[in-house]
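What follows is the content of work06.txt (compact mmCIF, C-alpha atoms).
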```
# COMPACT_ATOMS: atom_id res chain seq x y z
CA MET Y 1 -164.71 0.07 43.41
CA HIS Y 2 -162.19 -1.36 45.76
CA ALA Y 3 -159.00 0.29 44.71
CA ARG Y 4 -156.84 -2.74 44.93
CA VAL Y 5 -157.65 -4.74 41.83
CA ARG Y 6 -156.06 -7.94 42.96
CA ARG Y 7 -158.74 -10.32 43.81
CA LEU Y 8 -157.86 -13.68 42.48
CA ALA Y 9 -160.59 -14.18 45.03
CA PHE Y 10 -159.76 -17.74 45.71
CA ALA Y 11 -162.68 -20.00 46.24
CA ALA Y 12 -160.05 -21.83 48.26
CA THR Y 13 -161.05 -19.45 51.02
CA LEU Y 14 -163.11 -22.39 52.13
CA LEU Y 15 -160.26 -24.81 52.03
CA ALA Y 16 -157.73 -24.87 54.79
CA TRP Y 17 -154.32 -25.98 53.69
CA PRO Y 18 -154.57 -29.70 54.45
CA VAL Y 19 -152.05 -31.23 56.82
CA PHE Y 20 -153.48 -34.69 56.30
CA ALA Y 21 -155.25 -35.61 53.07
CA GLY Y 22 -156.67 -38.89 54.41
CA VAL Y 23 -159.48 -37.23 56.38
CA LEU Y 24 -162.33 -34.91 55.51
CA PRO Y 25 -162.32 -31.41 57.02
CA GLU Y 26 -164.08 -31.01 60.37
CA GLU Y 27 -167.83 -30.42 60.49
CA ARG Y 28 -168.17 -26.94 61.93
CA ALA Y 29 -169.93 -23.61 61.60
CA ASP Y 30 -168.31 -20.20 62.13
CA VAL Y 31 -169.94 -16.80 62.41
CA LEU Y 32 -167.40 -13.98 62.28
CA TYR Y 33 -167.62 -10.21 62.58
CA HIS Y 34 -164.62 -8.36 61.14
CA SER Y 35 -163.56 -4.76 61.42
CA TYR Y 36 -160.60 -2.92 59.84
CA ASP Y 37 -159.86 0.68 60.77
CA GLY Y 38 -156.81 2.54 59.52
CA GLY Y 39 -155.56 5.17 57.10
CA GLY Y 40 -159.01 6.77 56.81
CA VAL Y 41 -160.63 3.50 55.79
CA THR Y 42 -163.11 1.43 57.78
CA ILE Y 43 -164.26 -1.95 56.54
CA SER Y 44 -166.52 -4.24 58.48
CA GLY Y 45 -169.03 -7.01 57.98
CA PRO Y 46 -169.88 -10.63 58.66
CA SER Y 47 -168.47 -13.90 57.38
CA VAL Y 48 -170.41 -17.13 57.86
CA LEU Y 49 -168.78 -20.44 57.02
CA VAL Y 50 -170.61 -23.75 57.37
CA ARG Y 51 -169.19 -27.17 56.63
CA LYS Y 52 -171.10 -30.47 56.74
CA GLN Y 53 -170.23 -34.02 55.84
CA ALA Y 54 -172.42 -35.74 53.26
CA GLY Y 55 -172.14 -39.51 53.57
CA LYS Y 56 -168.73 -40.79 54.60
CA ASP Y 57 -166.83 -39.61 51.52
CA PHE Y 58 -168.07 -36.06 50.88
CA SER Y 59 -167.92 -32.76 52.70
CA VAL Y 60 -169.73 -29.64 51.49
CA SER Y 61 -169.18 -26.05 52.58
CA ALA Y 62 -170.66 -22.62 52.00
CA ASN Y 63 -169.45 -19.13 52.85
CA TYR Y 64 -171.19 -15.77 52.89
CA TYR Y 65 -168.99 -12.71 53.32
CA VAL Y 66 -169.61 -8.95 53.27
CA ASP Y 67 -167.25 -5.95 53.20
CA SER Y 68 -168.94 -2.64 54.06
CA VAL Y 69 -166.42 0.01 53.09
CA SER Y 70 -166.22 3.65 54.06
CA SER Y 71 -163.16 5.24 52.53
CA ALA Y 72 -161.46 8.56 53.00
CA SER Y 73 -157.98 7.16 52.41
CA ILE Y 74 -154.97 9.30 51.50
CA ASP Y 75 -155.55 8.54 47.78
CA VAL Y 76 -159.19 9.49 47.99
CA VAL Y 77 -158.60 12.64 50.02
CA THR Y 78 -155.92 13.98 47.67
CA SER Y 79 -157.32 13.11 44.23
CA ALA Y 80 -160.94 11.91 44.52
CA SER Y 81 -163.99 11.96 46.80
CA PRO Y 82 -164.72 9.86 49.90
CA TYR Y 83 -167.12 7.01 49.17
CA LYS Y 84 -169.10 4.17 50.73
CA GLU Y 85 -169.82 0.83 49.13
CA GLU Y 86 -170.53 -2.80 49.86
CA ARG Y 87 -169.06 -6.00 48.46
CA THR Y 88 -170.80 -9.35 48.83
CA GLN Y 89 -169.08 -12.65 48.29
CA GLU Y 90 -170.65 -16.11 48.20
CA SER Y 91 -168.93 -19.42 47.72
CA VAL Y 92 -169.66 -23.13 47.80
CA GLY Y 93 -167.26 -26.06 47.89
CA VAL Y 94 -167.23 -29.83 47.91
CA ASP Y 95 -164.52 -32.24 49.04
CA TYR Y 96 -164.36 -35.89 48.05
CA LEU Y 97 -162.22 -38.35 49.96
CA ARG Y 98 -161.11 -41.53 48.24
CA GLY Y 99 -158.56 -43.56 50.17
CA LYS Y 100 -155.70 -41.20 50.92
CA THR Y 101 -156.69 -38.74 48.20
CA LEU Y 102 -158.76 -35.63 48.86
CA MET Y 103 -160.28 -33.81 45.87
CA SER Y 104 -161.66 -30.32 46.44
CA MET Y 105 -163.69 -28.05 44.21
CA ALA Y 106 -165.09 -24.63 44.97
CA TYR Y 107 -166.84 -21.81 43.17
CA MET Y 108 -167.07 -18.23 44.32
CA THR Y 109 -168.78 -15.09 43.13
CA SER Y 110 -168.06 -11.57 44.36
CA ASP Y 111 -170.17 -8.57 43.52
CA GLU Y 112 -170.12 -4.82 44.11
CA ASN Y 113 -171.53 -1.90 42.20
CA ASP Y 114 -168.59 -1.59 39.80
CA TYR Y 115 -166.77 -4.92 40.01
CA THR Y 116 -167.76 -8.58 39.66
CA ALA Y 117 -165.51 -11.60 40.04
CA ASP Y 118 -166.18 -15.30 39.44
CA THR Y 119 -163.65 -17.86 40.55
CA ALA Y 120 -163.37 -21.64 40.24
CA HIS Y 121 -160.89 -23.72 42.21
CA PHE Y 122 -159.75 -27.33 42.06
CA SER Y 123 -157.16 -29.07 44.20
CA LEU Y 124 -155.92 -32.58 44.82
CA SER Y 125 -154.18 -33.73 48.02
CA GLN Y 126 -152.46 -37.06 48.52
CA ASP Y 127 -150.90 -38.64 51.60
CA ILE Y 128 -147.70 -40.55 50.85
CA PHE Y 129 -144.78 -42.17 52.68
CA GLY Y 130 -146.78 -43.71 55.50
CA ASP Y 131 -148.87 -40.53 55.77
CA LEU Y 132 -145.82 -38.51 56.79
CA THR Y 133 -146.12 -36.34 53.68
CA THR Y 134 -149.11 -34.65 52.09
CA VAL Y 135 -148.75 -33.21 48.60
CA THR Y 136 -151.35 -30.74 47.31
CA LEU Y 137 -151.76 -29.49 43.75
CA GLY Y 138 -154.18 -26.63 43.11
CA TYR Y 139 -155.47 -24.68 40.15
CA THR Y 140 -157.63 -21.58 40.32
CA ARG Y 141 -159.26 -19.68 37.47
CA GLY Y 142 -160.84 -16.26 37.79
CA TRP Y 143 -162.94 -14.09 35.51
CA ASP Y 144 -163.38 -10.47 36.60
CA GLN Y 145 -165.17 -7.50 35.12
CA VAL Y 146 -164.15 -3.96 36.03
CA ARG Y 147 -166.63 -1.13 35.59
CA ARG Y 148 -166.57 2.58 36.39
CA THR Y 149 -169.28 4.44 38.24
CA GLY Y 150 -170.79 7.22 36.14
CA ASP Y 151 -169.46 5.74 32.89
CA PRO Y 152 -171.90 3.09 31.58
CA GLU Y 153 -169.71 2.54 28.49
CA PHE Y 154 -166.74 1.39 30.56
CA ALA Y 155 -166.41 -2.40 31.10
CA GLN Y 156 -163.08 -4.23 31.04
CA ASP Y 157 -162.29 -7.91 31.63
CA THR Y 158 -159.49 -9.53 33.56
CA ASP Y 159 -158.51 -13.21 33.44
CA ARG Y 160 -156.68 -14.77 36.36
CA ARG Y 161 -154.94 -18.09 36.82
CA SER Y 162 -153.16 -19.55 39.80
CA TYR Y 163 -151.04 -22.70 40.11
CA ASN Y 164 -150.28 -23.97 43.57
CA LEU Y 165 -148.04 -26.74 44.91
CA GLY Y 166 -147.93 -27.49 48.63
CA VAL Y 167 -146.16 -30.09 50.74
CA SER Y 168 -146.84 -30.80 54.42
CA GLN Y 169 -144.24 -32.93 56.13
CA ILE Y 170 -144.16 -34.56 59.55
CA LEU Y 171 -140.52 -34.25 60.55
CA THR Y 172 -140.60 -35.48 64.14
CA LYS Y 173 -143.16 -36.30 66.83
CA ASN Y 174 -143.19 -32.58 67.64
CA LEU Y 175 -142.44 -30.81 64.37
CA LEU Y 176 -144.50 -30.08 61.26
CA LEU Y 177 -143.07 -28.43 58.14
CA GLY Y 178 -144.99 -26.85 55.27
CA LEU Y 179 -143.66 -25.77 51.87
CA GLU Y 180 -145.75 -23.93 49.30
CA PHE Y 181 -145.19 -22.44 45.87
CA GLU Y 182 -147.81 -20.41 44.07
CA SER Y 183 -147.65 -18.76 40.68
CA ILE Y 184 -150.37 -16.29 39.69
CA THR Y 185 -150.80 -14.76 36.28
CA ASP Y 186 -153.28 -12.02 35.38
CA GLU Y 187 -154.20 -10.69 31.99
CA GLY Y 188 -156.47 -7.79 31.10
CA PHE Y 189 -157.34 -4.51 32.79
CA LEU Y 190 -155.23 -4.48 35.94
CA ASN Y 191 -155.20 -0.90 37.17
CA ASN Y 192 -157.79 1.02 39.08
CA PRO Y 193 -160.05 3.08 36.79
CA TYR Y 194 -160.28 5.85 39.40
CA ARG Y 195 -156.72 6.23 40.63
CA SER Y 196 -154.33 8.90 39.35
CA VAL Y 197 -150.60 9.51 39.26
CA ARG Y 198 -149.15 12.97 39.77
CA TYR Y 199 -146.59 14.78 37.64
CA LEU Y 200 -144.75 18.07 37.84
CA ASP Y 201 -146.78 20.86 36.29
CA PRO Y 202 -145.43 24.43 36.53
CA GLN Y 203 -148.81 25.73 35.32
CA SER Y 204 -150.53 24.35 38.42
CA ALA Y 205 -150.73 26.44 41.61
CA ASN Y 206 -149.32 23.65 43.79
CA GLY Y 207 -146.69 22.62 41.23
CA TYR Y 208 -148.21 19.30 40.15
CA SER Y 209 -151.25 17.81 38.42
CA PHE Y 210 -152.87 14.37 38.16
CA GLU Y 211 -153.51 12.01 35.24
CA ALA Y 212 -154.95 8.49 35.07
CA GLU Y 213 -152.64 5.64 36.02
CA LEU Y 214 -151.83 3.05 33.36
CA TYR Y 215 -150.64 -0.50 34.12
CA PRO Y 216 -149.31 -3.27 31.86
CA HIS Y 217 -151.97 -5.76 30.80
CA THR Y 218 -150.12 -8.78 32.16
CA HIS Y 219 -148.80 -9.57 35.61
CA THR Y 220 -147.15 -12.81 36.69
CA SER Y 221 -145.87 -13.55 40.16
CA GLY Y 222 -144.23 -16.36 42.09
CA ALA Y 223 -144.25 -16.83 45.85
CA PHE Y 224 -142.48 -19.48 47.87
CA ALA Y 225 -143.32 -19.98 51.54
CA THR Y 226 -142.02 -22.26 54.21
CA ARG Y 227 -143.65 -22.62 57.61
CA ALA Y 228 -143.03 -24.76 60.63
CA ARG Y 229 -144.90 -25.57 63.82
CA TYR Y 230 -143.29 -27.07 66.90
CA TYR Y 231 -145.00 -28.67 69.90
CA MET Y 232 -143.42 -27.43 73.11
CA PRO Y 233 -142.87 -29.79 76.07
CA TRP Y 234 -145.54 -27.96 78.15
CA ARG Y 235 -148.40 -28.22 75.60
CA ALA Y 236 -147.96 -25.09 73.56
CA ALA Y 237 -147.07 -24.47 69.92
CA LEU Y 238 -144.33 -22.29 68.47
CA SER Y 239 -144.62 -21.33 64.80
CA GLY Y 240 -142.43 -19.63 62.22
CA GLN Y 241 -142.91 -18.65 58.61
CA TYR Y 242 -140.97 -17.06 55.77
CA ARG Y 243 -142.19 -16.11 52.30
CA TYR Y 244 -140.26 -14.84 49.29
CA TYR Y 245 -142.14 -13.05 46.51
CA ASN Y 246 -141.17 -11.74 43.10
CA ASP Y 247 -143.14 -10.60 40.05
CA THR Y 248 -142.82 -9.31 36.51
CA TRP Y 249 -143.47 -5.75 37.72
CA ASP Y 250 -140.18 -5.97 39.61
CA VAL Y 251 -141.74 -6.09 43.07
CA THR Y 252 -139.71 -8.25 45.46
CA ALA Y 253 -141.07 -8.91 48.95
CA HIS Y 254 -140.08 -10.76 52.09
CA THR Y 255 -142.48 -11.81 54.84
CA ALA Y 256 -141.46 -13.27 58.19
CA GLU Y 257 -143.71 -14.32 61.02
CA ILE Y 258 -143.37 -15.93 64.44
CA GLY Y 259 -146.23 -17.08 66.62
CA TYR Y 260 -146.93 -18.76 69.92
CA THR Y 261 -150.10 -20.60 71.00
CA HIS Y 262 -150.58 -21.31 74.68
CA PRO Y 263 -153.57 -23.17 76.19
CA LEU Y 264 -154.55 -22.14 79.70
CA LYS Y 265 -156.87 -23.91 82.10
CA ARG Y 266 -160.67 -23.93 81.66
CA GLY Y 267 -160.59 -24.16 77.86
CA ILE Y 268 -158.81 -20.88 77.12
CA ILE Y 269 -156.22 -20.64 74.34
CA ILE Y 270 -154.04 -17.55 73.91
CA ASP Y 271 -152.33 -16.67 70.60
CA PHE Y 272 -149.48 -14.23 69.98
CA LYS Y 273 -148.07 -13.33 66.58
CA TYR Y 274 -145.52 -10.90 65.19
CA ARG Y 275 -145.33 -10.30 61.43
CA TRP Y 276 -142.83 -8.31 59.42
CA TYR Y 277 -143.16 -7.45 55.73
CA THR Y 278 -141.09 -5.46 53.27
CA GLN Y 279 -141.24 -4.87 49.51
CA THR Y 280 -139.53 -2.94 46.72
CA HIS Y 281 -141.54 -0.73 44.38
CA ALA Y 282 -142.84 -1.69 40.93
CA ASP Y 283 -140.65 -0.53 38.06
CA PHE Y 284 -143.38 1.79 36.74
CA TYR Y 285 -144.20 3.29 40.15
CA SER Y 286 -143.33 6.88 41.01
CA ASP Y 287 -144.60 9.27 43.63
CA LEU Y 288 -144.00 12.19 41.25
CA PHE Y 289 -143.40 11.86 37.50
CA GLU Y 290 -141.31 14.48 35.73
CA ARG Y 291 -144.03 15.26 33.18
CA SER Y 292 -147.35 14.08 31.80
CA GLY Y 293 -147.05 10.77 29.91
CA GLU Y 294 -143.40 10.41 30.87
CA PHE Y 295 -143.50 6.60 30.55
CA ASN Y 296 -145.73 4.06 28.81
CA PHE Y 297 -146.86 2.71 32.19
CA ARG Y 298 -147.37 4.65 35.36
CA ALA Y 299 -148.65 3.96 38.88
CA ARG Y 300 -148.93 5.79 42.17
CA ASP Y 301 -150.62 3.00 44.08
CA LYS Y 302 -149.03 2.93 47.53
CA GLU Y 303 -149.31 -0.87 47.52
CA LEU Y 304 -146.84 -0.82 44.61
CA SER Y 305 -144.44 1.57 46.37
CA ALA Y 306 -141.48 0.54 48.52
CA PHE Y 307 -142.58 0.09 52.12
CA SER Y 308 -142.37 -2.08 55.18
CA SER Y 309 -144.95 -3.02 57.76
CA GLN Y 310 -145.11 -4.71 61.12
CA GLY Y 311 -148.04 -6.42 62.77
CA LEU Y 312 -148.82 -7.70 66.24
CA ARG Y 313 -151.65 -10.06 67.14
CA LEU Y 314 -153.19 -11.00 70.45
CA GLY Y 315 -155.89 -13.64 70.28
CA ALA Y 316 -157.97 -15.53 72.80
CA SER Y 317 -160.36 -18.46 72.41
CA TYR Y 318 -162.71 -19.74 75.09
CA ASP Y 319 -164.35 -23.16 74.90
CA ILE Y 320 -167.98 -22.59 75.88
CA ALA Y 321 -169.25 -26.14 75.40
CA ARG Y 322 -166.52 -28.50 76.50
CA GLN Y 323 -168.98 -31.16 77.58
CA GLY Y 324 -171.06 -30.71 74.43
CA TRP Y 325 -174.65 -29.53 74.24
CA ARG Y 326 -177.38 -31.42 72.38
CA PHE Y 327 -175.99 -32.02 68.85
CA ILE Y 328 -172.99 -29.71 69.44
CA ASP Y 329 -169.72 -31.42 70.36
CA LYS Y 330 -167.75 -28.28 71.09
CA GLY Y 331 -168.10 -24.51 70.83
CA THR Y 332 -165.70 -21.59 71.12
CA VAL Y 333 -165.87 -17.81 71.35
CA ASN Y 334 -162.83 -16.12 69.81
CA LEU Y 335 -161.40 -12.61 69.77
CA TYR Y 336 -158.37 -11.64 67.66
CA LEU Y 337 -156.88 -8.15 67.78
CA ASP Y 338 -154.27 -7.09 65.24
CA HIS Y 339 -152.31 -3.87 65.19
CA MET Y 340 -150.51 -3.06 61.92
CA MET Y 341 -147.99 -0.27 61.22
CA PHE Y 342 -147.14 0.81 57.67
CA ASP Y 343 -144.14 2.98 56.76
CA TYR Y 344 -143.78 4.08 53.14
CA GLU Y 345 -140.39 4.87 51.66
CA ASP Y 346 -141.40 6.64 48.45
CA PHE Y 347 -145.07 7.54 48.85
CA ARG Y 348 -145.56 11.08 50.13
CA ASP Y 349 -148.32 12.63 52.19
CA LEU Y 350 -149.91 15.29 49.96
CA THR Y 351 -152.14 16.56 52.76
CA GLN Y 352 -149.06 18.44 54.05
CA PRO Y 353 -148.20 20.65 51.08
CA THR Y 354 -144.73 21.97 50.43
CA THR Y 355 -142.37 21.88 47.44
CA PRO Y 356 -143.51 18.96 45.22
CA GLY Y 357 -141.43 15.87 46.01
CA GLU Y 358 -140.49 17.10 49.47
CA GLU Y 359 -143.70 16.33 51.34
CA PRO Y 360 -143.24 14.06 54.39
CA LEU Y 361 -143.37 10.34 53.73
CA TYR Y 362 -146.71 8.71 54.45
CA GLY Y 363 -147.39 6.15 57.15
CA PHE Y 364 -150.37 4.91 59.12
CA ASP Y 365 -151.49 2.41 61.73
CA ALA Y 366 -154.47 0.07 61.42
CA ASN Y 367 -156.45 -1.95 63.93
CA VAL Y 368 -158.19 -5.16 62.93
CA ILE Y 369 -160.77 -6.92 65.09
CA GLN Y 370 -162.15 -10.40 64.56
CA LEU Y 371 -164.87 -11.66 66.87
CA PHE Y 372 -166.31 -15.05 66.05
CA VAL Y 373 -168.07 -18.09 67.43
CA SER Y 374 -167.42 -21.62 66.20
CA PHE Y 375 -169.39 -24.82 66.71
CA TRP Y 376 -168.39 -28.38 65.94
CA TYR Y 377 -171.13 -31.00 65.49
CA MET K 1 -130.61 -52.21 18.90
CA SER K 2 -129.31 -54.34 21.74
CA ARG K 3 -127.87 -51.20 23.32
CA VAL K 4 -131.31 -49.61 23.25
CA ARG K 5 -132.78 -52.72 24.84
CA SER K 6 -130.08 -52.70 27.49
CA ALA K 7 -130.75 -49.05 28.22
CA ARG K 8 -134.48 -49.72 28.47
CA GLY K 9 -133.81 -52.66 30.76
CA LEU K 10 -131.60 -50.50 32.94
CA LEU K 11 -134.24 -47.78 33.14
CA LEU K 12 -136.90 -50.34 34.00
CA ALA K 13 -134.70 -51.84 36.70
CA LEU K 14 -134.04 -48.37 38.12
CA ALA K 15 -137.76 -47.53 38.05
CA VAL K 16 -138.64 -50.78 39.84
CA ALA K 17 -135.89 -50.14 42.37
CA GLN K 18 -137.26 -46.63 42.96
CA LEU K 19 -140.79 -47.91 43.41
CA SER K 20 -139.72 -50.66 45.77
CA ALA K 21 -137.63 -48.11 47.65
CA CYS K 22 -140.76 -45.99 48.07
CA ALA K 23 -142.75 -48.97 49.20
CA THR K 24 -140.23 -49.87 51.86
CA ILE K 25 -139.89 -46.41 53.41
CA GLU K 26 -140.61 -46.89 57.06
CA PRO K 27 -142.52 -43.97 58.63
CA TRP K 28 -140.07 -42.68 61.22
CA VAL K 29 -142.92 -41.20 63.20
CA LYS K 30 -145.38 -44.02 63.86
CA PRO K 31 -149.13 -43.35 63.76
CA TYR K 32 -149.36 -43.88 67.55
CA GLU K 33 -146.67 -41.21 68.03
CA ARG K 34 -148.68 -38.46 66.35
CA ASP K 35 -150.98 -37.48 69.22
CA ARG K 36 -149.17 -34.16 69.75
CA LEU K 37 -149.31 -33.34 66.04
CA ALA K 38 -153.06 -34.04 66.08
CA ASP K 39 -153.58 -31.53 68.91
CA PRO K 40 -155.71 -28.63 67.54
CA ILE K 41 -153.05 -26.12 68.65
CA MET K 42 -150.72 -27.67 66.03
CA ALA K 43 -152.99 -26.83 63.09
CA PHE K 44 -151.41 -24.38 60.64
CA ASP K 45 -154.81 -22.68 60.36
CA ARG K 46 -156.91 -23.54 63.38
CA ASN K 47 -159.82 -21.39 62.22
CA PRO K 48 -160.22 -21.29 58.41
CA VAL K 49 -162.79 -18.47 58.50
CA SER K 50 -160.33 -16.26 60.38
CA ALA K 51 -157.27 -17.29 58.35
CA ALA K 52 -159.04 -16.46 55.09
CA TYR K 53 -160.05 -13.02 56.38
CA THR K 54 -156.55 -12.29 57.72
CA ASP K 55 -154.95 -13.22 54.39
CA HIS K 56 -157.50 -11.01 52.66
CA VAL K 57 -156.36 -8.04 54.76
CA TYR K 58 -152.70 -8.69 53.91
CA GLU K 59 -153.36 -9.09 50.18
CA ALA K 60 -155.32 -5.84 50.12
CA ARG K 61 -152.50 -3.84 51.69
CA GLU K 62 -149.40 -5.47 50.19
CA GLY K 63 -147.95 -5.89 46.72
CA ALA K 64 -147.12 -9.56 47.31
CA ARG K 65 -149.73 -12.25 46.79
CA GLY K 66 -150.07 -16.02 46.96
CA ALA K 67 -148.53 -18.82 49.05
CA LEU K 68 -150.34 -17.67 52.17
CA GLY K 69 -151.29 -21.16 53.21
CA SER K 70 -155.02 -20.80 53.42
CA SER K 71 -155.38 -18.76 50.23
CA GLY K 72 -157.16 -15.62 51.27
CA GLY K 73 -159.53 -14.07 48.81
CA GLY K 74 -161.51 -11.09 47.90
CA CYS K 75 -161.05 -7.45 47.41
CA GLY K 76 -158.46 -4.96 48.29
CA CYS K 77 -159.94 -1.87 49.68
CA ASN K 78 -158.59 1.56 49.08
```

I need this file expressed as structure tokens, please.
Amino acid sequence: MHARVRRLAFAATLLAWPVFAGVLPEERADVLYHSYDGGGVTISGPSVLVRKQAGKDFSVSANYYVDSVSSASIDVVTSASPYKEERTQESVGVDYLRGKTLMSMAYMTSDENDYTADTAHFSLSQDIFGDLTTVTLGYTRGWDQVRRTGDPEFAQDTDRRSYNLGVSQILTKNLLLGLEFESITDEGFLNNPYRSVRYLDPQSANGYSFEAELYPHTHTSGAFATRARYYMPWRAALSGQYRYYNDTWDVTAHTAEIGYTHPLKRGIIIDFKYRWYTQTHADFYSDLFERSGEFNFRARDKELSAFSSQGLRLGASYDIARQGWRFIDKGTVNLYLDHMMFDYEDFRDLTQPTTPGEEPLYGFDANVIQLFVSFWY
Amino acid sequence: MSRVRSARGLLLALAVAQLSACATIEPWVKPYERDRLADPIMAFDRNPVSAAYTDHVYEAREGARGALGSSGGGCGCN
């Protein structure tokens, strides 16, 4: 079971945020290999995304995605056993263009040994004001089932809903602006059936013990993002983004990002990106509770603790078929490398034992690799 | 009654004025001036398959969720 039970698992994975609603998405195929390595966790696998136009008004797409997980994370090392598992995700989508309106539907299913998720997505995009503005409305509905390995009686449901409003605006000949608001609400079993919280226990040799975490059964969040992209005088693009997030668990987060895209000669494009993220902890989070059952709700999920992270990306794309080849108009080979650094403010590293509550704060670095080829036809 | 009619008339006039105002908005960036914006390097998400995966990584590691542009999906891995 992937510990983070937060997969609204958007079928919109297939749908890029449209800048112009009056055209169908490009016909292309992508084959991607992904690898994540950090904090004792390695996750890798393929993702294949194919999109094809059907007639002049329809576009269909399909995605196949796999996560092969090997986990010996700090949570697992300190209160459970390392594990390996695989998650498979399949999705299909269809877009229908009518005048300046683009309607998109998608359906996705995700499956692993102790978790299944089904998701349906619908969105509507409309170009207005001389095609300077594109407004997108989206709705996503998810039905998940959480199970627990070794406990055939355990099966809990989670319902998920997402409401999305996006606006893309052409401001000048060189400047694009995007605004997006998304509200997500979950209801049902929201915590991880394997994860524990720790509490002070004088009877224990190390001074603390563990008990199962317990989350509220509802969770509603709102996120507002603004992003801009500017065309530089020497054919390059500068980008910036800010996102504000708040939820009913009292987590507030800020995300800021700047990027630069620079084409070189011979069909090479270089990408740089810096990303900064910070959040407060959930109101029922604690690294160390005073006693067993101290509060009605309790969590020691480090993703609900207070922390900040920074990320750097270096990416390169090389056009391997600039003149086209048979039915292929264009093809690229792409390599993206991301380095991420996480620093936790109230999540302690229990692998370095000392007086409970005085262990060093946890932190880790992660490396993410994406290698993919893309073809347009 | 006449006041209600007047109010309705006023609202109708305002609505028509709004609509006609919309219809007469002149695009300040003409279609032939959008060649730079149509350059692939100006796409918010140039490679959807990569953007979706990247968002998925963020959502797995962070408490915040949503409004990521391309709507990443999937699991969060411990």

Among listed residues Y:Gly259, Y:Pro46, Y:Gly357, Y:Gly142, nearest Ala117 (chain Y) (using all atoms listed in the file): Y:Gly142

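Coordinates place CA of Asp131 (chain Y) at a distance of 9.5 Å from CA of Val29 (chain K).
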
Give me the residues near region 174-179 of chain Y as a PyMOL selection string, where near means some atom within 7 Å (using only C-alpha atoms) and where sequence neighbours in that chain fewer than 6 positions away do not count. (chain Y and resi 166-168+225-231) or (chain K and resi 36-37)

Proximity to Gly222 (chain Y) - best of Y:Val48, Y:Leu165, Y:Leu371, Y:Val333, only C-alpha atoms: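 Using only C-alpha atoms, Gly222 (chain Y) sits closest to Y:Leu165.
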
CA of Glu303 (chain Y) to CA of Tyr199 (chain Y), straight-line distance in Å: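 Taking CA of Tyr199 (chain Y) as the start and CA of Glu303 (chain Y) as the end point, the length is 18.7 Å.
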